[in-house]
>>> print(open('data.cif').read())   # mmCIF, C-alpha atoms
data_data
#
loop_
_atom_site.label_atom_id
_atom_site.label_comp_id
_atom_site.auth_asym_id
_atom_site.auth_seq_id
_atom_site.Cartn_x
_atom_site.Cartn_y
_atom_site.Cartn_z
CA MET A 1 116.92 73.97 76.30
CA GLN A 2 114.76 74.15 73.18
CA ASP A 3 111.94 72.33 75.00
CA VAL A 4 112.16 74.78 77.92
CA ALA A 5 111.96 77.68 75.47
CA GLN A 6 108.85 76.15 73.92
CA LEU A 7 107.27 75.68 77.36
CA HIS A 8 108.01 79.33 78.14
CA ARG A 9 106.37 80.43 74.89
CA THR A 10 103.32 78.25 75.51
CA LEU A 11 102.83 79.51 79.05
CA THR A 12 103.39 83.11 77.97
CA THR A 13 100.60 82.75 75.40
CA ILE A 14 98.24 81.16 77.94
CA VAL A 15 98.80 83.92 80.49
CA GLN A 16 98.66 86.74 77.94
CA GLU A 17 95.30 85.48 76.66
CA ALA A 18 93.87 85.11 80.17
CA LYS A 19 91.65 87.77 81.68
CA GLY A 20 92.38 89.30 85.06
CA THR A 21 95.70 89.46 86.91
CA TRP A 22 97.88 86.37 87.24
CA GLY A 23 100.85 85.30 89.32
CA VAL A 24 102.36 82.13 87.85
CA LEU A 25 105.55 80.23 88.52
CA VAL A 26 106.69 76.83 87.24
CA LYS A 27 109.79 75.16 88.62
CA GLU A 28 111.18 71.67 88.27
CA VAL A 29 112.07 70.50 91.76
CA GLY A 30 115.81 70.01 92.03
CA LYS A 31 116.48 71.97 88.85
CA GLY A 32 115.27 75.47 88.17
CA ILE A 33 112.53 77.94 87.27
CA TYR A 34 111.10 77.47 83.78
CA TYR A 35 108.52 80.24 83.79
CA GLU A 36 107.38 83.13 85.94
CA HIS A 37 104.86 85.92 85.54
CA LEU A 38 104.34 88.50 88.29
CA PRO A 39 105.87 86.06 90.80
CA ASP A 40 106.00 88.67 93.57
CA GLU A 41 102.48 90.05 93.13
CA HIS A 42 100.44 89.77 96.33
CA PHE A 43 97.17 87.85 96.21
CA ILE A 44 94.62 87.14 98.92
CA ALA A 45 95.64 83.62 99.91
CA GLU A 46 92.22 81.97 100.09
CA SER A 47 92.64 78.30 101.01
CA VAL A 48 96.18 77.94 99.68
CA ILE A 49 97.19 79.21 103.14
CA LYS A 50 96.13 75.78 104.43
CA VAL A 51 99.33 74.18 103.10
CA PRO A 52 101.70 76.14 105.39
CA ILE A 53 99.21 75.55 108.22
CA MET A 54 99.54 71.81 107.56
CA ALA A 55 103.33 72.20 107.61
CA ALA A 56 103.10 74.06 110.94
CA VAL A 57 101.09 71.19 112.43
CA PHE A 58 103.68 68.68 111.22
CA ALA A 59 106.43 70.87 112.71
CA ALA A 60 104.67 70.92 116.08
CA ALA A 61 104.31 67.13 115.98
CA TRP A 62 107.93 66.70 114.86
CA GLN A 63 109.12 68.73 117.86
CA GLY A 64 107.03 66.69 120.31
CA GLU A 65 104.39 69.31 121.09
CA CYS A 66 101.65 66.95 119.96
CA SER A 67 101.11 63.70 118.07
CA LEU A 68 99.26 63.48 114.79
CA GLU A 69 97.27 60.67 116.38
CA ASP A 70 96.08 62.83 119.31
CA ARG A 71 92.32 63.35 119.21
CA LEU A 72 90.61 66.70 119.59
CA VAL A 73 86.97 67.31 120.46
CA LEU A 74 84.83 69.21 117.97
CA ARG A 75 83.24 72.09 119.90
CA ARG A 76 80.16 74.07 118.95
CA GLU A 77 82.20 77.28 118.96
CA ASP A 78 84.59 75.73 116.41
CA LEU A 79 81.93 75.42 113.72
CA VAL A 80 82.24 77.77 110.73
CA GLN A 81 80.67 77.41 107.32
CA GLY A 82 82.17 77.53 103.86
CA SER A 83 84.10 74.56 102.52
CA GLY A 84 84.06 71.20 104.28
CA LEU A 85 81.57 69.11 106.19
CA LEU A 86 82.50 69.40 109.85
CA PHE A 87 80.16 72.37 110.37
CA ALA A 88 77.26 70.00 109.61
CA LEU A 89 78.33 67.40 112.19
CA SER A 90 77.58 67.18 115.89
CA PRO A 91 79.79 68.79 118.55
CA GLY A 92 81.53 66.19 120.68
CA LEU A 93 82.95 64.29 117.73
CA ARG A 94 86.58 63.32 118.35
CA LEU A 95 88.99 63.48 115.44
CA SER A 96 92.71 62.86 115.26
CA ILE A 97 94.98 65.74 114.30
CA ARG A 98 95.91 63.76 111.18
CA GLU A 99 92.23 63.47 110.24
CA LEU A 100 91.74 67.20 110.74
CA VAL A 101 94.74 67.95 108.54
CA THR A 102 93.39 65.62 105.87
CA LEU A 103 89.96 67.28 105.92
CA MET A 104 91.59 70.72 105.81
CA ILE A 105 93.54 69.81 102.66
CA ILE A 106 91.35 67.47 100.62
CA GLN A 107 87.97 69.07 101.40
CA SER A 108 89.33 72.52 102.31
CA ASP A 109 87.39 72.24 105.58
CA ASN A 110 87.37 75.63 107.32
CA THR A 111 86.31 74.27 110.71
CA ALA A 112 89.21 71.79 110.69
CA THR A 113 91.53 74.61 109.67
CA ASN A 114 90.56 76.86 112.56
CA ILE A 115 90.87 74.03 115.08
CA LEU A 116 94.42 73.41 113.85
CA ILE A 117 95.24 77.13 113.96
CA ASP A 118 94.15 77.18 117.61
CA LEU A 119 96.31 74.11 118.21
CA VAL A 120 99.60 75.49 116.87
CA GLY A 121 99.09 79.26 117.11
CA LYS A 122 99.92 82.23 114.90
CA GLU A 123 103.59 82.38 115.91
CA ARG A 124 104.18 78.77 114.86
CA ILE A 125 102.49 79.35 111.51
CA GLU A 126 104.57 82.48 110.86
CA LYS A 127 107.79 80.66 111.82
CA THR A 128 106.94 77.77 109.52
CA MET A 129 106.20 80.09 106.62
CA HIS A 130 109.58 81.74 107.12
CA GLU A 131 111.31 78.34 107.16
CA LEU A 132 109.51 77.40 103.93
CA GLY A 133 110.86 80.50 102.18
CA MET A 134 107.55 82.37 102.27
CA SER A 135 109.21 85.64 103.25
CA ASP A 136 106.81 87.89 101.33
CA SER A 137 103.55 86.21 102.40
CA ARG A 138 101.66 86.65 105.64
CA TYR A 139 99.19 84.85 107.87
CA VAL A 140 96.98 87.18 109.93
CA ARG A 141 93.74 85.46 110.88
CA LYS A 142 91.53 82.38 110.95
CA LEU A 143 89.06 81.55 108.19
CA MET A 144 85.41 82.65 108.00
CA ILE A 145 85.91 84.78 111.12
CA TYR A 146 86.08 88.54 110.74
CA PRO A 147 87.32 90.24 113.93
CA ALA A 148 86.23 93.79 114.71
CA ASP A 149 89.80 95.09 114.52
CA ASN A 150 90.06 93.73 110.92
CA PRO A 151 93.74 92.76 110.70
CA GLY A 152 93.42 92.25 106.94
CA ASN A 153 93.75 89.18 104.76
CA ASN A 154 96.17 86.30 104.55
CA THR A 155 98.33 86.95 101.48
CA ILE A 156 100.67 84.92 99.27
CA THR A 157 102.85 85.29 96.19
CA ALA A 158 103.53 82.75 93.46
CA ARG A 159 107.24 82.78 94.32
CA ASP A 160 106.60 82.03 97.99
CA VAL A 161 104.11 79.25 97.30
CA THR A 162 106.46 77.63 94.80
CA SER A 163 109.31 77.84 97.32
CA MET A 164 107.15 76.02 99.86
CA LEU A 165 106.07 73.35 97.36
CA SER A 166 109.65 72.83 96.21
CA MET A 167 110.92 72.30 99.74
CA ILE A 168 108.19 69.80 100.50
CA GLY A 169 108.61 68.08 97.14
CA ALA A 170 112.35 67.74 97.71
CA GLY A 171 111.86 66.37 101.24
CA ARG A 172 113.76 69.30 102.75
CA PHE A 173 111.29 70.46 105.40
CA LEU A 174 111.57 68.69 108.78
CA SER A 175 112.38 65.29 107.25
CA ALA A 176 111.87 63.27 104.10
CA GLN A 177 109.24 61.23 105.95
CA ALA A 178 107.27 64.28 107.07
CA CYS A 179 107.31 65.69 103.54
CA SER A 180 106.23 62.34 102.12
CA GLU A 181 103.27 62.26 104.50
CA MET A 182 102.21 65.79 103.56
CA VAL A 183 102.48 65.00 99.84
CA ALA A 184 100.40 61.84 100.36
CA ILE A 185 97.63 63.92 101.93
CA MET A 186 97.73 66.46 99.11
CA LYS A 187 97.49 63.67 96.52
CA LYS A 188 94.05 62.81 97.93
CA GLN A 189 92.75 66.24 96.92
CA GLN A 190 89.07 66.14 95.99
CA PHE A 191 88.96 69.50 94.17
CA ARG A 192 90.55 68.64 90.84
CA ASN A 193 89.03 71.29 88.59
CA GLY A 194 92.24 73.31 88.28
CA LEU A 195 95.75 72.11 87.42
CA PRO A 196 94.82 68.47 86.67
CA SER A 197 91.53 69.22 84.89
CA LEU A 198 92.91 68.91 81.33
CA LEU A 199 95.34 66.06 81.97
CA PRO A 200 94.64 62.72 80.26
CA VAL A 201 92.43 60.09 81.83
CA ALA A 202 92.18 56.41 81.01
CA ASP A 203 89.12 54.34 80.16
CA ASP A 204 88.77 51.15 82.15
CA GLY A 205 87.06 49.39 79.25
CA ILE A 206 83.55 49.56 80.67
CA GLY A 207 82.95 53.21 79.98
CA LYS A 208 84.25 54.51 83.28
CA GLN A 209 87.14 56.94 83.35
CA SER A 210 89.95 56.85 85.87
CA LEU A 211 93.10 58.90 86.33
CA ALA A 212 95.90 58.18 83.91
CA THR A 213 98.74 56.14 85.33
CA ASP A 214 101.59 58.34 84.09
CA TRP A 215 100.93 61.33 86.37
CA GLU A 216 99.96 62.24 89.91
CA ILE A 217 99.35 65.61 91.48
CA ALA A 218 99.53 66.79 95.08
CA SER A 219 97.66 70.07 95.17
CA LYS A 220 95.67 72.68 97.05
CA SER A 221 93.30 75.19 95.50
CA GLY A 222 91.55 78.26 96.87
CA TRP A 223 88.81 80.50 95.57
CA ASP A 224 86.34 83.29 96.21
CA THR A 225 84.42 85.67 93.96
CA GLY A 226 86.82 86.92 91.31
CA ARG A 227 89.74 84.84 92.60
CA GLN A 228 90.83 81.32 91.68
CA HIS A 229 94.12 79.72 92.75
CA ASP A 230 95.71 76.31 92.43
CA ALA A 231 99.16 75.15 93.48
CA GLY A 232 100.66 71.72 93.42
CA LEU A 233 103.39 69.21 92.73
CA LEU A 234 102.95 67.42 89.40
CA TYR A 235 104.69 64.05 89.24
CA THR A 236 105.21 62.63 85.76
CA GLN A 237 107.93 60.91 83.73
CA GLY A 238 109.99 60.47 86.90
CA ARG A 239 110.09 64.24 87.40
CA CYS A 240 108.44 66.64 89.86
CA PHE A 241 107.22 70.11 88.96
CA ALA A 242 106.07 72.76 91.43
CA ILE A 243 103.33 74.81 89.77
CA THR A 244 101.60 77.86 91.23
CA ALA A 245 98.81 79.75 89.47
CA LEU A 246 97.12 82.63 91.32
CA SER A 247 94.46 84.89 89.82
CA GLN A 248 92.18 87.79 90.61
CA ASP A 249 89.55 89.85 88.78
CA VAL A 250 88.52 86.90 86.63
CA GLU A 251 85.43 84.68 86.38
CA ALA A 252 85.80 81.20 87.87
CA GLU A 253 85.14 79.24 84.67
CA GLU A 254 87.67 81.24 82.66
CA ALA A 255 90.25 81.08 85.44
CA LEU A 256 89.89 77.32 85.87
CA TYR A 257 90.40 76.78 82.14
CA THR A 258 93.57 78.88 82.25
CA ILE A 259 94.86 76.97 85.28
CA GLY A 260 94.07 73.65 83.59
CA SER A 261 95.89 74.81 80.47
CA ILE A 262 98.97 75.62 82.56
CA GLY A 263 98.93 72.13 84.07
CA LYS A 264 98.51 70.55 80.63
CA ALA A 265 101.40 72.57 79.17
CA VAL A 266 103.79 71.39 81.91
CA TYR A 267 102.61 67.78 81.50
CA GLU A 268 103.17 67.88 77.73
CA PHE A 269 106.60 69.45 78.24
CA ALA A 270 107.55 66.56 80.53
CA LYS A 271 106.31 64.03 77.97
CA LEU A 272 108.82 65.37 75.46
CA GLY A 273 111.59 64.22 77.77
#
>>> encode(input="data.cif", output="structure tokens")
Amino acid sequence: MQDVAQLHRTLTTIVQEAKGTWGVLVKEVGKGIYYEHLPDEHFIAESVIKVPIMAAVFAAAWQGECSLEDRLVLRREDLVQGSGLLFALSPGLRLSIRELVTLMIIQSDNTATNILIDLVGKERIEKTMHELGMSDSRYVRKLMIYPADNPGNNTITARDVTSMLSMIGAGRFLSAQACSEMVAIMKKQQFRNGLPSLLPVADDGIGKQSLATDWEIASKSGWDTGRQHDAGLLYTQGRCFAITALSQDVEAEEALYTIGSIGKAVYEFAKLG
């Protein structure tokens, strides 16, 4: 318990010294919550909303409404800018649903996201969020599209996101296999400037750095001006930690350092055994 108390003190200091408003929650999957700060504060979801969308797609496939190997045609009207590369490619391209999910998560591709939203629908996404324990969060609209009736923004809380991560990390959504496949996609994340940014890396002996072998992270970040989020499952020392860090009213560089410091604190806590 002494180590948990030290982790709590470390995280409290990190958050207190951070600028802006933060919602943070750290939980060891299968055990309990080790730290929380404004866990029920609402934040604009940014691209973190793409994780429950992924789960909704897996739910649709699990119930036989589609197969992850089905291929969808990229249409001109699907193209939206922002994160990702699909908007720069030619209409007519055929991609599997699994490929679209992968692009949505590891490149935060907005075009892939909207195609998948059209595939499963708002009702399915809302149902999935409820099943994942995201009772205080909401999905209202697609990305990079601003309808005239302005339904508002997708919103999340640190508690809800951690609940979702914990269920997936524990293999308790749909099936252990489905959760394993979602985690495997999230581990391929290409935006690693948040939670894993201050974790140790190894030198391969020829001056090239690679990821350390004693940790892995399955994560999804999201950002816009004044907002920077990251949420993920940190695997280290045979343990799994669900970490959510949401921020607003803070500069990106400062926020990313705070998020990285949170990831490092949890990693160092795990190293103590």
>>> closest_residue(input="data.cif", among="A:Asp230, A:Glu123, A:Asp214, A:Glu251", to="Ile49 in chain A", atoms="only C-alpha atoms")
A:Asp230
>>> residues_around(input="data.cif", residues="Phe269 in chain A", least_positions_apart="5", cutoff="9 Å", atoms="only C-alpha atoms", output="number ranges by chain")
A: 3-4, 6-7, 264
>>> closest_residue(input="data.cif", among="A:Glu69, A:Phe58, A:His229, A:Thr155", to="Trp22 in chain A", atoms="only C-alpha atoms")
A:His229
>>> closest_residue(input="data.cif", among="A:Gly92, A:Gly133, A:Gly23, A:Gly84", to="Arg71 in chain A", atoms="only C-alpha atoms")
A:Gly92
>>> residues_around(input="data.cif", residues="Gly260 in chain A", least_positions_apart="2", cutoff="10 Å", atoms="all atoms listed in the file", output="ChimeraX atom specification")
/A:192-199,230,245,254-258,262-265
>>> residues_around(input="data.cif", residues="Thr244 in chain A", least_positions_apart="6", cutoff="7 Å", atoms="only C-alpha atoms", output="PDB file with C-alpha atoms, in the frame of the given file")
ATOM      1  CA  VAL A  24     102.360  82.130  87.850  1.00  0.00           C
ATOM      2  CA  LEU A  25     105.550  80.230  88.520  1.00  0.00           C
ATOM      3  CA  VAL A  26     106.690  76.830  87.240  1.00  0.00           C
ATOM      4  CA  ALA A 158     103.530  82.750  93.460  1.00  0.00           C
ATOM      5  CA  VAL A 161     104.110  79.250  97.300  1.00  0.00           C
ATOM      6  CA  THR A 162     106.460  77.630  94.800  1.00  0.00           C
ATOM      7  CA  ASP A 230      95.710  76.310  92.430  1.00  0.00           C
ATOM      8  CA  ALA A 231      99.160  75.150  93.480  1.00  0.00           C
ATOM      9  CA  GLY A 232     100.660  71.720  93.420  1.00  0.00           C
TER      10      GLY A 232
END
>>> closest_residue(input="data.cif", among="A:Glu131, A:Glu17, A:Glu46, A:Glu41", to="Trp223 in chain A", atoms="all atoms listed in the file")
A:Glu46
>>> residues_around(input="data.cif", residues="Leu95 in chain A", least_positions_apart="6", cutoff="12 Å", atoms="all atoms listed in the file", output="list in words")
Leu68, Glu69, Asp70, Arg71, Leu72, Val73, Leu74, Arg75, Leu86, Leu89, Val101, Thr102, Leu103, Ala112, Ile115 and Leu116 of chain A
>>> atom_distance(input="data.cif", atom1="CA of Met104 in chain A", atom2="CA of Glu28 in chain A")
26.3 Å
>>> build_atoms(input="data.cif", residues="range 20-40 of chain A", atoms="N, CA and C atoms", output="PDB file, in the frame of the given file")
ATOM      1  N   GLY A  20      92.010  89.084  83.675  1.00  0.00           N
ATOM      2  CA  GLY A  20      92.380  89.300  85.060  1.00  0.00           C
ATOM      3  C   GLY A  20      93.876  89.445  85.259  1.00  0.00           C
ATOM      4  N   THR A  21      94.288  89.356  86.523  1.00  0.00           N
ATOM      5  CA  THR A  21      95.700  89.460  86.910  1.00  0.00           C
ATOM      6  C   THR A  21      96.179  88.102  87.392  1.00  0.00           C
ATOM      7  N   TRP A  22      97.373  87.702  86.942  1.00  0.00           N
ATOM      8  CA  TRP A  22      97.880  86.370  87.240  1.00  0.00           C
ATOM      9  C   TRP A  22      99.290  86.432  87.839  1.00  0.00           C
ATOM     10  N   GLY A  23      99.518  85.570  88.821  1.00  0.00           N
ATOM     11  CA  GLY A  23     100.850  85.300  89.320  1.00  0.00           C
ATOM     12  C   GLY A  23     101.125  83.832  89.077  1.00  0.00           C
ATOM     13  N   VAL A  24     102.104  83.526  88.248  1.00  0.00           N
ATOM     14  CA  VAL A  24     102.360  82.130  87.850  1.00  0.00           C
ATOM     15  C   VAL A  24     103.845  81.847  87.966  1.00  0.00           C
ATOM     16  N   LEU A  25     104.163  80.666  88.475  1.00  0.00           N
ATOM     17  CA  LEU A  25     105.550  80.230  88.520  1.00  0.00           C
ATOM     18  C   LEU A  25     105.597  78.720  88.356  1.00  0.00           C
ATOM     19  N   VAL A  26     106.487  78.256  87.479  1.00  0.00           N
ATOM     20  CA  VAL A  26     106.690  76.830  87.240  1.00  0.00           C
ATOM     21  C   VAL A  26     108.158  76.518  87.456  1.00  0.00           C
ATOM     22  N   LYS A  27     108.410  75.545  88.302  1.00  0.00           N
ATOM     23  CA  LYS A  27     109.790  75.160  88.620  1.00  0.00           C
ATOM     24  C   LYS A  27     109.877  73.643  88.672  1.00  0.00           C
ATOM     25  N   GLU A  28     110.929  73.097  88.098  1.00  0.00           N
ATOM     26  CA  GLU A  28     111.180  71.670  88.270  1.00  0.00           C
ATOM     27  C   GLU A  28     111.978  71.479  89.549  1.00  0.00           C
ATOM     28  N   VAL A  29     111.429  70.694  90.460  1.00  0.00           N
ATOM     29  CA  VAL A  29     112.070  70.500  91.760  1.00  0.00           C
ATOM     30  C   VAL A  29     113.452  69.865  91.557  1.00  0.00           C
ATOM     31  N   GLY A  30     114.448  70.486  92.164  1.00  0.00           N
ATOM     32  CA  GLY A  30     115.810  70.010  92.030  1.00  0.00           C
ATOM     33  C   GLY A  30     116.551  70.593  90.846  1.00  0.00           C
ATOM     34  N   LYS A  31     115.838  71.358  90.022  1.00  0.00           N
ATOM     35  CA  LYS A  31     116.480  71.970  88.850  1.00  0.00           C
ATOM     36  C   LYS A  31     116.297  73.476  88.909  1.00  0.00           C
ATOM     37  N   GLY A  32     115.372  74.025  88.163  1.00  0.00           N
ATOM     38  CA  GLY A  32     115.270  75.470  88.170  1.00  0.00           C
ATOM     39  C   GLY A  32     113.914  75.966  87.724  1.00  0.00           C
ATOM     40  N   ILE A  33     113.770  77.295  87.674  1.00  0.00           N
ATOM     41  CA  ILE A  33     112.530  77.940  87.270  1.00  0.00           C
ATOM     42  C   ILE A  33     112.440  77.945  85.747  1.00  0.00           C
ATOM     43  N   TYR A  34     111.310  77.506  85.222  1.00  0.00           N
ATOM     44  CA  TYR A  34     111.100  77.470  83.780  1.00  0.00           C
ATOM     45  C   TYR A  34     110.211  78.614  83.296  1.00  0.00           C
ATOM     46  N   TYR A  35     109.407  79.156  84.204  1.00  0.00           N
ATOM     47  CA  TYR A  35     108.520  80.240  83.790  1.00  0.00           C
ATOM     48  C   TYR A  35     108.065  81.007  85.016  1.00  0.00           C
ATOM     49  N   GLU A  36     107.954  82.328  84.874  1.00  0.00           N
ATOM     50  CA  GLU A  36     107.380  83.130  85.940  1.00  0.00           C
ATOM     51  C   GLU A  36     106.715  84.371  85.347  1.00  0.00           C
ATOM     52  N   HIS A  37     105.599  84.733  85.940  1.00  0.00           N
ATOM     53  CA  HIS A  37     104.860  85.920  85.540  1.00  0.00           C
ATOM     54  C   HIS A  37     104.309  86.572  86.806  1.00  0.00           C
ATOM     55  N   LEU A  38     104.705  87.791  87.069  1.00  0.00           N
ATOM     56  CA  LEU A  38     104.340  88.500  88.290  1.00  0.00           C
ATOM     57  C   LEU A  38     104.501  87.594  89.523  1.00  0.00           C
ATOM     58  N   PRO A  39     105.683  87.009  89.694  1.00  0.00           N
ATOM     59  CA  PRO A  39     105.870  86.060  90.800  1.00  0.00           C
ATOM     60  C   PRO A  39     105.801  86.678  92.181  1.00  0.00           C
ATOM     61  N   ASP A  40     105.992  88.006  92.269  1.00  0.00           N
ATOM     62  CA  ASP A  40     106.000  88.670  93.570  1.00  0.00           C
ATOM     63  C   ASP A  40     104.743  89.515  93.816  1.00  0.00           C
TER      64      ASP A  40
END
